[in-house]
>>> print(open('my_file.pdb').read())   # PDB, N, CA and C atoms
MODEL        1
ATOM      1  N   ALA A   1      -5.036  -9.519  -1.403  1.00  0.00           N
ATOM      2  CA  ALA A   1      -3.666  -9.756  -0.989  1.00  0.00           C
ATOM      3  C   ALA A   1      -3.382  -8.901   0.237  1.00  0.00           C
ATOM      4  N   VAL A   2      -2.557  -9.412   1.102  1.00  0.00           N
ATOM      5  CA  VAL A   2      -2.091  -8.647   2.261  1.00  0.00           C
ATOM      6  C   VAL A   2      -0.629  -8.304   1.997  1.00  0.00           C
ATOM      7  N   LEU A   3      -0.353  -7.013   1.875  1.00  0.00           N
ATOM      8  CA  LEU A   3       1.003  -6.534   1.635  1.00  0.00           C
ATOM      9  C   LEU A   3       1.531  -5.901   2.903  1.00  0.00           C
ATOM     10  N   THR A   4       2.687  -6.325   3.344  1.00  0.00           N
ATOM     11  CA  THR A   4       3.346  -5.690   4.483  1.00  0.00           C
ATOM     12  C   THR A   4       4.400  -4.761   3.920  1.00  0.00           C
ATOM     13  N   VAL A   5       4.269  -3.484   4.231  1.00  0.00           N
ATOM     14  CA  VAL A   5       5.171  -2.469   3.678  1.00  0.00           C
ATOM     15  C   VAL A   5       5.788  -1.644   4.793  1.00  0.00           C
ATOM     16  N   ARG A   6       6.954  -1.078   4.499  1.00  0.00           N
ATOM     17  CA  ARG A   6       7.607  -0.151   5.425  1.00  0.00           C
ATOM     18  C   ARG A   6       7.744   1.173   4.686  1.00  0.00           C
ATOM     19  N   PRO A   7       6.896   2.149   5.019  1.00  0.00           N
ATOM     20  CA  PRO A   7       6.993   3.452   4.353  1.00  0.00           C
ATOM     21  C   PRO A   7       8.390   4.048   4.543  1.00  0.00           C
ATOM     22  N   TRP A   8       8.787   4.896   3.611  1.00  0.00           N
ATOM     23  CA  TRP A   8      10.123   5.496   3.678  1.00  0.00           C
ATOM     24  C   TRP A   8      10.290   6.414   4.877  1.00  0.00           C
ATOM     25  N   ARG A   9       9.189   6.864   5.458  1.00  0.00           N
ATOM     26  CA  ARG A   9       9.244   7.561   6.751  1.00  0.00           C
ATOM     27  C   ARG A   9       8.081   7.054   7.598  1.00  0.00           C
ATOM     28  N   ARG A  10       8.228   7.167   8.913  1.00  0.00           N
ATOM     29  CA  ARG A  10       7.224   6.622   9.826  1.00  0.00           C
ATOM     30  C   ARG A  10       5.858   7.252   9.546  1.00  0.00           C
ATOM     31  N   LEU A  11       4.858   6.414   9.484  1.00  0.00           N
ATOM     32  CA  LEU A  11       3.501   6.845   9.172  1.00  0.00           C
ATOM     33  C   LEU A  11       2.830   7.421  10.420  1.00  0.00           C
ATOM     34  N   PRO A  12       2.403   8.687  10.394  1.00  0.00           N
ATOM     35  CA  PRO A  12       1.649   9.242  11.521  1.00  0.00           C
ATOM     36  C   PRO A  12       0.216   8.722  11.433  1.00  0.00           C
ATOM     37  N   TYR A  13      -0.050   7.646  12.119  1.00  0.00           N
ATOM     38  CA  TYR A  13      -1.294   6.888  11.944  1.00  0.00           C
ATOM     39  C   TYR A  13      -2.481   7.506  12.670  1.00  0.00           C
ATOM     40  N   ARG A  14      -3.614   7.542  11.968  1.00  0.00           N
ATOM     41  CA  ARG A  14      -4.923   7.871  12.545  1.00  0.00           C
ATOM     42  C   ARG A  14      -5.920   6.869  11.983  1.00  0.00           C
ATOM     43  N   PRO A  15      -6.721   6.224  12.828  1.00  0.00           N
ATOM     44  CA  PRO A  15      -7.696   5.244  12.320  1.00  0.00           C
ATOM     45  C   PRO A  15      -8.573   5.848  11.227  1.00  0.00           C
ATOM     46  N   GLY A  16      -8.788   5.085  10.174  1.00  0.00           N
ATOM     47  CA  GLY A  16      -9.646   5.522   9.079  1.00  0.00           C
ATOM     48  C   GLY A  16      -8.953   6.334   8.010  1.00  0.00           C
ATOM     49  N   GLN A  17      -7.691   6.642   8.214  1.00  0.00           N
ATOM     50  CA  GLN A  17      -6.988   7.453   7.223  1.00  0.00           C
ATOM     51  C   GLN A  17      -6.677   6.647   5.970  1.00  0.00           C
ATOM     52  N   ALA A  18      -6.366   7.337   4.918  1.00  0.00           N
ATOM     53  CA  ALA A  18      -5.907   6.715   3.678  1.00  0.00           C
ATOM     54  C   ALA A  18      -4.564   7.328   3.325  1.00  0.00           C
ATOM     55  N   VAL A  19      -3.720   6.536   2.682  1.00  0.00           N
ATOM     56  CA  VAL A  19      -2.394   7.010   2.296  1.00  0.00           C
ATOM     57  C   VAL A  19      -2.195   6.776   0.796  1.00  0.00           C
ATOM     58  N   PRO A  20      -1.474   7.668   0.126  1.00  0.00           N
ATOM     59  CA  PRO A  20      -1.214   7.465  -1.297  1.00  0.00           C
ATOM     60  C   PRO A  20      -0.170   6.363  -1.491  1.00  0.00           C
ATOM     61  N   VAL A  21      -0.432   5.475  -2.437  1.00  0.00           N
ATOM     62  CA  VAL A  21       0.469   4.356  -2.719  1.00  0.00           C
ATOM     63  C   VAL A  21       0.767   4.333  -4.214  1.00  0.00           C
ATOM     64  N   CYS A  22       2.039   4.122  -4.529  1.00  0.00           N
ATOM     65  CA  CYS A  22       2.476   3.999  -5.918  1.00  0.00           C
ATOM     66  C   CYS A  22       3.429   2.813  -5.992  1.00  0.00           C
ATOM     67  N   THR A  23       3.516   2.186  -7.141  1.00  0.00           N
ATOM     68  CA  THR A  23       4.461   1.102  -7.356  1.00  0.00           C
ATOM     69  C   THR A  23       5.344   1.438  -8.547  1.00  0.00           C
ATOM     70  N   PRO A  24       6.627   1.077  -8.491  1.00  0.00           N
ATOM     71  CA  PRO A  24       7.506   1.347  -9.637  1.00  0.00           C
ATOM     72  C   PRO A  24       7.010   0.683 -10.930  1.00  0.00           C
ATOM     73  N   ARG A  25       6.168  -0.329 -10.802  1.00  0.00           N
ATOM     74  CA  ARG A  25       5.631  -0.991 -11.991  1.00  0.00           C
ATOM     75  C   ARG A  25       4.606  -0.119 -12.713  1.00  0.00           C
ATOM     76  N   ARG A  26       4.036   0.844 -12.008  1.00  0.00           N
ATOM     77  CA  ARG A  26       3.071   1.783 -12.600  1.00  0.00           C
ATOM     78  C   ARG A  26       3.439   3.201 -12.161  1.00  0.00           C
ATOM     79  N   PRO A  27       4.592   3.723 -12.613  1.00  0.00           N
ATOM     80  CA  PRO A  27       5.034   5.050 -12.159  1.00  0.00           C
ATOM     81  C   PRO A  27       4.021   6.143 -12.482  1.00  0.00           C
ATOM     82  N   GLY A  28       3.836   7.027 -11.535  1.00  0.00           N
ATOM     83  CA  GLY A  28       2.924   8.150 -11.726  1.00  0.00           C
ATOM     84  C   GLY A  28       1.466   7.827 -11.490  1.00  0.00           C
ATOM     85  N   ARG A  29       1.132   6.584 -11.234  1.00  0.00           N
ATOM     86  CA  ARG A  29      -0.260   6.197 -10.951  1.00  0.00           C
ATOM     87  C   ARG A  29      -0.386   5.925  -9.455  1.00  0.00           C
ATOM     88  N   TRP A  30      -1.025   6.827  -8.776  1.00  0.00           N
ATOM     89  CA  TRP A  30      -1.183   6.741  -7.323  1.00  0.00           C
ATOM     90  C   TRP A  30      -2.595   6.297  -6.985  1.00  0.00           C
ATOM     91  N   ARG A  31      -2.709   5.525  -5.924  1.00  0.00           N
ATOM     92  CA  ARG A  31      -4.019   5.121  -5.403  1.00  0.00           C
ATOM     93  C   ARG A  31      -4.015   5.327  -3.906  1.00  0.00           C
ATOM     94  N   TRP A  32      -5.167   5.667  -3.373  1.00  0.00           N
ATOM     95  CA  TRP A  32      -5.319   5.870  -1.934  1.00  0.00           C
ATOM     96  C   TRP A  32      -5.780   4.563  -1.302  1.00  0.00           C
ATOM     97  N   LEU A  33      -5.032   4.088  -0.312  1.00  0.00           N
ATOM     98  CA  LEU A  33      -5.351   2.854   0.399  1.00  0.00           C
ATOM     99  C   LEU A  33      -5.363   3.122   1.892  1.00  0.00           C
ATOM    100  N   CYS A  34      -6.172   2.369   2.624  1.00  0.00           N
ATOM    101  CA  CYS A  34      -6.260   2.507   4.081  1.00  0.00           C
ATOM    102  C   CYS A  34      -5.388   1.450   4.745  1.00  0.00           C
ATOM    103  N   PRO A  35      -4.452   1.854   5.597  1.00  0.00           N
ATOM    104  CA  PRO A  35      -3.661   0.872   6.335  1.00  0.00           C
ATOM    105  C   PRO A  35      -4.582   0.030   7.217  1.00  0.00           C
ATOM    106  N   ALA A  36      -4.262  -1.261   7.346  1.00  0.00           N
ATOM    107  CA  ALA A  36      -5.087  -2.170   8.139  1.00  0.00           C
ATOM    108  C   ALA A  36      -4.710  -2.150   9.616  1.00  0.00           C
ATOM    109  N   ASN A  37      -3.597  -1.512   9.965  1.00  0.00           N
ATOM    110  CA  ASN A  37      -3.141  -1.483  11.352  1.00  0.00           C
ATOM    111  C   ASN A  37      -2.291  -0.240  11.594  1.00  0.00           C
ATOM    112  N   ALA A  38      -2.107   0.067  12.866  1.00  0.00           N
ATOM    113  CA  ALA A  38      -1.163   1.122  13.230  1.00  0.00           C
ATOM    114  C   ALA A  38       0.243   0.603  12.947  1.00  0.00           C
ATOM    115  N   PRO A  39       1.206   1.495  12.708  1.00  0.00           N
ATOM    116  CA  PRO A  39       2.571   1.030  12.463  1.00  0.00           C
ATOM    117  C   PRO A  39       3.082   0.176  13.620  1.00  0.00           C
ATOM    118  N   ARG A  40       3.737  -0.911  13.269  1.00  0.00           N
ATOM    119  CA  ARG A  40       4.362  -1.794  14.257  1.00  0.00           C
ATOM    120  C   ARG A  40       5.660  -1.151  14.730  1.00  0.00           C
ATOM    121  N   PRO A  41       6.278  -1.711  15.774  1.00  0.00           N
ATOM    122  CA  PRO A  41       7.543  -1.124  16.256  1.00  0.00           C
ATOM    123  C   PRO A  41       8.611  -0.997  15.166  1.00  0.00           C
ATOM    124  N   ASP A  42       8.598  -1.891  14.170  1.00  0.00           N
ATOM    125  CA  ASP A  42       9.583  -1.797  13.088  1.00  0.00           C
ATOM    126  C   ASP A  42       9.132  -0.858  11.961  1.00  0.00           C
ATOM    127  N   GLY A  43       7.976  -0.202  12.128  1.00  0.00           N
ATOM    128  CA  GLY A  43       7.482   0.765  11.153  1.00  0.00           C
ATOM    129  C   GLY A  43       6.629   0.180  10.046  1.00  0.00           C
ATOM    130  N   THR A  44       6.426  -1.149  10.017  1.00  0.00           N
ATOM    131  CA  THR A  44       5.647  -1.759   8.947  1.00  0.00           C
ATOM    132  C   THR A  44       4.146  -1.620   9.187  1.00  0.00           C
ATOM    133  N   VAL A  45       3.408  -1.583   8.099  1.00  0.00           N
ATOM    134  CA  VAL A  45       1.941  -1.582   8.137  1.00  0.00           C
ATOM    135  C   VAL A  45       1.453  -2.572   7.084  1.00  0.00           C
ATOM    136  N   GLU A  46       0.232  -3.033   7.253  1.00  0.00           N
ATOM    137  CA  GLU A  46      -0.383  -3.926   6.269  1.00  0.00           C
ATOM    138  C   GLU A  46      -1.354  -3.143   5.405  1.00  0.00           C
ATOM    139  N   LEU A  47      -1.346  -3.484   4.124  1.00  0.00           N
ATOM    140  CA  LEU A  47      -2.336  -2.967   3.182  1.00  0.00           C
ATOM    141  C   LEU A  47      -3.072  -4.171   2.628  1.00  0.00           C
ATOM    142  N   HIS A  48      -4.378  -4.169   2.715  1.00  0.00           N
ATOM    143  CA  HIS A  48      -5.193  -5.235   2.148  1.00  0.00           C
ATOM    144  C   HIS A  48      -5.683  -4.726   0.795  1.00  0.00           C
ATOM    145  N   VAL A  49      -5.294  -5.417  -0.263  1.00  0.00           N
ATOM    146  CA  VAL A  49      -5.566  -4.950  -1.625  1.00  0.00           C
ATOM    147  C   VAL A  49      -6.320  -6.027  -2.393  1.00  0.00           C
ATOM    148  N   ARG A  50      -7.380  -5.627  -3.056  1.00  0.00           N
ATOM    149  CA  ARG A  50      -8.134  -6.529  -3.930  1.00  0.00           C
ATOM    150  C   ARG A  50      -7.899  -6.092  -5.372  1.00  0.00           C
ATOM    151  N   ALA A  51      -7.557  -7.054  -6.217  1.00  0.00           N
ATOM    152  CA  ALA A  51      -7.367  -6.748  -7.635  1.00  0.00           C
ATOM    153  C   ALA A  51      -8.723  -6.397  -8.248  1.00  0.00           C
ATOM    154  N   VAL A  52      -8.768  -5.277  -8.924  1.00  0.00           N
ATOM    155  CA  VAL A  52      -9.981  -4.816  -9.587  1.00  0.00           C
ATOM    156  C   VAL A  52      -9.805  -5.038 -11.085  1.00  0.00           C
ATOM    157  N   ARG A  53     -10.772  -5.658 -11.716  1.00  0.00           N
ATOM    158  CA  ARG A  53     -10.684  -5.892 -13.161  1.00  0.00           C
ATOM    159  C   ARG A  53     -10.415  -4.576 -13.876  1.00  0.00           C
ATOM    160  N   GLY A  54      -9.348  -4.554 -14.651  1.00  0.00           N
ATOM    161  CA  GLY A  54      -8.980  -3.339 -15.372  1.00  0.00           C
ATOM    162  C   GLY A  54      -8.216  -2.337 -14.520  1.00  0.00           C
ATOM    163  N   GLY A  55      -8.025  -2.631 -13.249  1.00  0.00           N
ATOM    164  CA  GLY A  55      -7.310  -1.723 -12.358  1.00  0.00           C
ATOM    165  C   GLY A  55      -5.801  -1.893 -12.486  1.00  0.00           C
ATOM    166  N   ALA A  56      -5.134  -0.907 -13.014  1.00  0.00           N
ATOM    167  CA  ALA A  56      -3.699  -1.014 -13.272  1.00  0.00           C
ATOM    168  C   ALA A  56      -2.894  -1.148 -11.983  1.00  0.00           C
ATOM    169  N   VAL A  57      -3.186  -0.337 -10.984  1.00  0.00           N
ATOM    170  CA  VAL A  57      -2.394  -0.350  -9.754  1.00  0.00           C
ATOM    171  C   VAL A  57      -2.763  -1.540  -8.878  1.00  0.00           C
ATOM    172  N   SER A  58      -4.043  -1.778  -8.644  1.00  0.00           N
ATOM    173  CA  SER A  58      -4.429  -2.883  -7.764  1.00  0.00           C
ATOM    174  C   SER A  58      -3.994  -4.229  -8.341  1.00  0.00           C
ATOM    175  N   THR A  59      -4.152  -4.414  -9.635  1.00  0.00           N
ATOM    176  CA  THR A  59      -3.744  -5.665 -10.266  1.00  0.00           C
ATOM    177  C   THR A  59      -2.236  -5.860 -10.146  1.00  0.00           C
ATOM    178  N   SER A  60      -1.480  -4.798 -10.346  1.00  0.00           N
ATOM    179  CA  SER A  60      -0.023  -4.866 -10.222  1.00  0.00           C
ATOM    180  C   SER A  60       0.374  -5.204  -8.789  1.00  0.00           C
ATOM    181  N   LEU A  61      -0.248  -4.554  -7.814  1.00  0.00           N
ATOM    182  CA  LEU A  61       0.082  -4.821  -6.413  1.00  0.00           C
ATOM    183  C   LEU A  61      -0.238  -6.254  -6.023  1.00  0.00           C
ATOM    184  N   VAL A  62      -1.373  -6.774  -6.457  1.00  0.00           N
ATOM    185  CA  VAL A  62      -1.790  -8.115  -6.061  1.00  0.00           C
ATOM    186  C   VAL A  62      -1.010  -9.206  -6.782  1.00  0.00           C
ATOM    187  N   HIS A  63      -0.772  -9.040  -8.074  1.00  0.00           N
ATOM    188  CA  HIS A  63      -0.218 -10.139  -8.864  1.00  0.00           C
ATOM    189  C   HIS A  63       1.283 -10.026  -9.170  1.00  0.00           C
ATOM    190  N   GLN A  64       1.876  -8.855  -8.990  1.00  0.00           N
ATOM    191  CA  GLN A  64       3.263  -8.711  -9.426  1.00  0.00           C
ATOM    192  C   GLN A  64       4.247  -8.331  -8.328  1.00  0.00           C
ATOM    193  N   VAL A  65       3.785  -7.764  -7.237  1.00  0.00           N
ATOM    194  CA  VAL A  65       4.706  -7.331  -6.182  1.00  0.00           C
ATOM    195  C   VAL A  65       5.242  -8.551  -5.435  1.00  0.00           C
ATOM    196  N   ARG A  66       6.542  -8.555  -5.213  1.00  0.00           N
ATOM    197  CA  ARG A  66       7.219  -9.618  -4.492  1.00  0.00           C
ATOM    198  C   ARG A  66       8.146  -8.988  -3.444  1.00  0.00           C
ATOM    199  N   PRO A  67       8.536  -9.782  -2.457  1.00  0.00           N
ATOM    200  CA  PRO A  67       9.475  -9.238  -1.444  1.00  0.00           C
ATOM    201  C   PRO A  67      10.776  -8.781  -2.099  1.00  0.00           C
TER
ENDMDL
END
>>> encode(input="my_file.pdb", output="structure tokens")
Amino acid sequence: AVLTVRPWRRLPYRPGQAVPVCTPRRPGRWRWLCPANAPRPDGTVELHVRAVRGGAVSTSLVHQVRP
């Protein structure tokens, strides 16, 4: 899945970095993901997420997150 997100503060982007991601559907469970692009002028970045069998956060992000 390709998720377009706007972090609560502007992301200081460096290629290859990873950022911690959490979803309210799985509070307290953080996963490190790599942004697919530098922040756009509106501050959004893309996260490419693959659902992993048994993965609580990745499965939630891919199958349950909506705009």
>>> atom_distance(input="my_file.pdb", atom1="atom C of A:Ala38", atom2="atom N of A:Arg50")
18.8 Å
>>> closest_residue(input="my_file.pdb", among="A:Arg31, A:Val2, A:Pro15, A:Ser60", to="A:His48", atoms="only C-alpha atoms")
A:Val2
>>> residues_near_point(input="my_file.pdb", point="(2.1, -7.1, -2.7)", cutoff="7 Å", atoms="only N, CA and C atoms", output="ChimeraX atom specification")
/A:1-4,60-67
>>> atom_distance(input="my_file.pdb", atom1="atom N of A:Cys22", atom2="atom CA of A:Val57")
8.2 Å
>>> residues_around(input="my_file.pdb", residues="stretch 41-44 of chain A", least_positions_apart="2", cutoff="6.5 Å", atoms="all atoms listed in the file", output="list in words")
Thr4, Val5, Arg6, Pro7, Arg10, Leu11, Ala38, Pro39 and Glu46 of chain A
>>> atom_distance(input="my_file.pdb", atom1="atom C of A:Trp8", atom2="atom C of A:Ala51")
26.4 Å
>>> select_by_dssp(input="my_file.pdb", residues="stretch 7-37 of chain A", states="strand (DSSP E or B)", output="count of residues only")
7
>>> residues_near_point(input="my_file.pdb", point="(-4.1, 2.0, -17.6)", cutoff="9 Å", atoms="only C-alpha atoms", output="mmCIF file with N, CA and C atoms, in the coordinates of the input")
data_model
loop_
_atom_site.group_PDB
_atom_site.id
_atom_site.type_symbol
_atom_site.label_atom_id
_atom_site.label_comp_id
_atom_site.auth_asym_id
_atom_site.auth_seq_id
_atom_site.Cartn_x
_atom_site.Cartn_y
_atom_site.Cartn_z
ATOM 1 N N ARG A 26 4.036 0.844 -12.008
ATOM 2 C CA ARG A 26 3.071 1.783 -12.600
ATOM 3 C C ARG A 26 3.439 3.201 -12.161
ATOM 4 N N ARG A 29 1.132 6.584 -11.234
ATOM 5 C CA ARG A 29 -0.260 6.197 -10.951
ATOM 6 C C ARG A 29 -0.386 5.925 -9.455
ATOM 7 N N GLY A 54 -9.348 -4.554 -14.651
ATOM 8 C CA GLY A 54 -8.980 -3.339 -15.372
ATOM 9 C C GLY A 54 -8.216 -2.337 -14.520
ATOM 10 N N GLY A 55 -8.025 -2.631 -13.249
ATOM 11 C CA GLY A 55 -7.310 -1.723 -12.358
ATOM 12 C C GLY A 55 -5.801 -1.893 -12.486
ATOM 13 N N ALA A 56 -5.134 -0.907 -13.014
ATOM 14 C CA ALA A 56 -3.699 -1.014 -13.272
ATOM 15 C C ALA A 56 -2.894 -1.148 -11.983
ATOM 16 N N VAL A 57 -3.186 -0.337 -10.984
ATOM 17 C CA VAL A 57 -2.394 -0.350 -9.754
ATOM 18 C C VAL A 57 -2.763 -1.540 -8.878
#
>>> closest_residue(input="my_file.pdb", among="A:Asn37, A:Val52, A:Trp32, A:Ser58", to="A:Ala18", atoms="all atoms listed in the file")
A:Trp32
>>> select_by_dssp(input="my_file.pdb", residues="chain A", states="alpha helix (DSSP H)", output="PyMOL selection string")
chain A and resi 56-63
>>> resolve_selection(input="my_file.pdb", expression="the PyMOL selection byres ((chain A and resi 19) around 5)", output="number ranges by chain")
A: 17-18, 20-21, 32-34
>>> axis_aligned_box(input="my_file.pdb", around="stretch 34-43 of chain A", padding_each_side="3 Å", output="JSON")
{"center_x": 1.7, "center_y": 0.2, "center_z": 9.4, "size_x": 21.8, "size_y": 10.7, "size_z": 19.6}
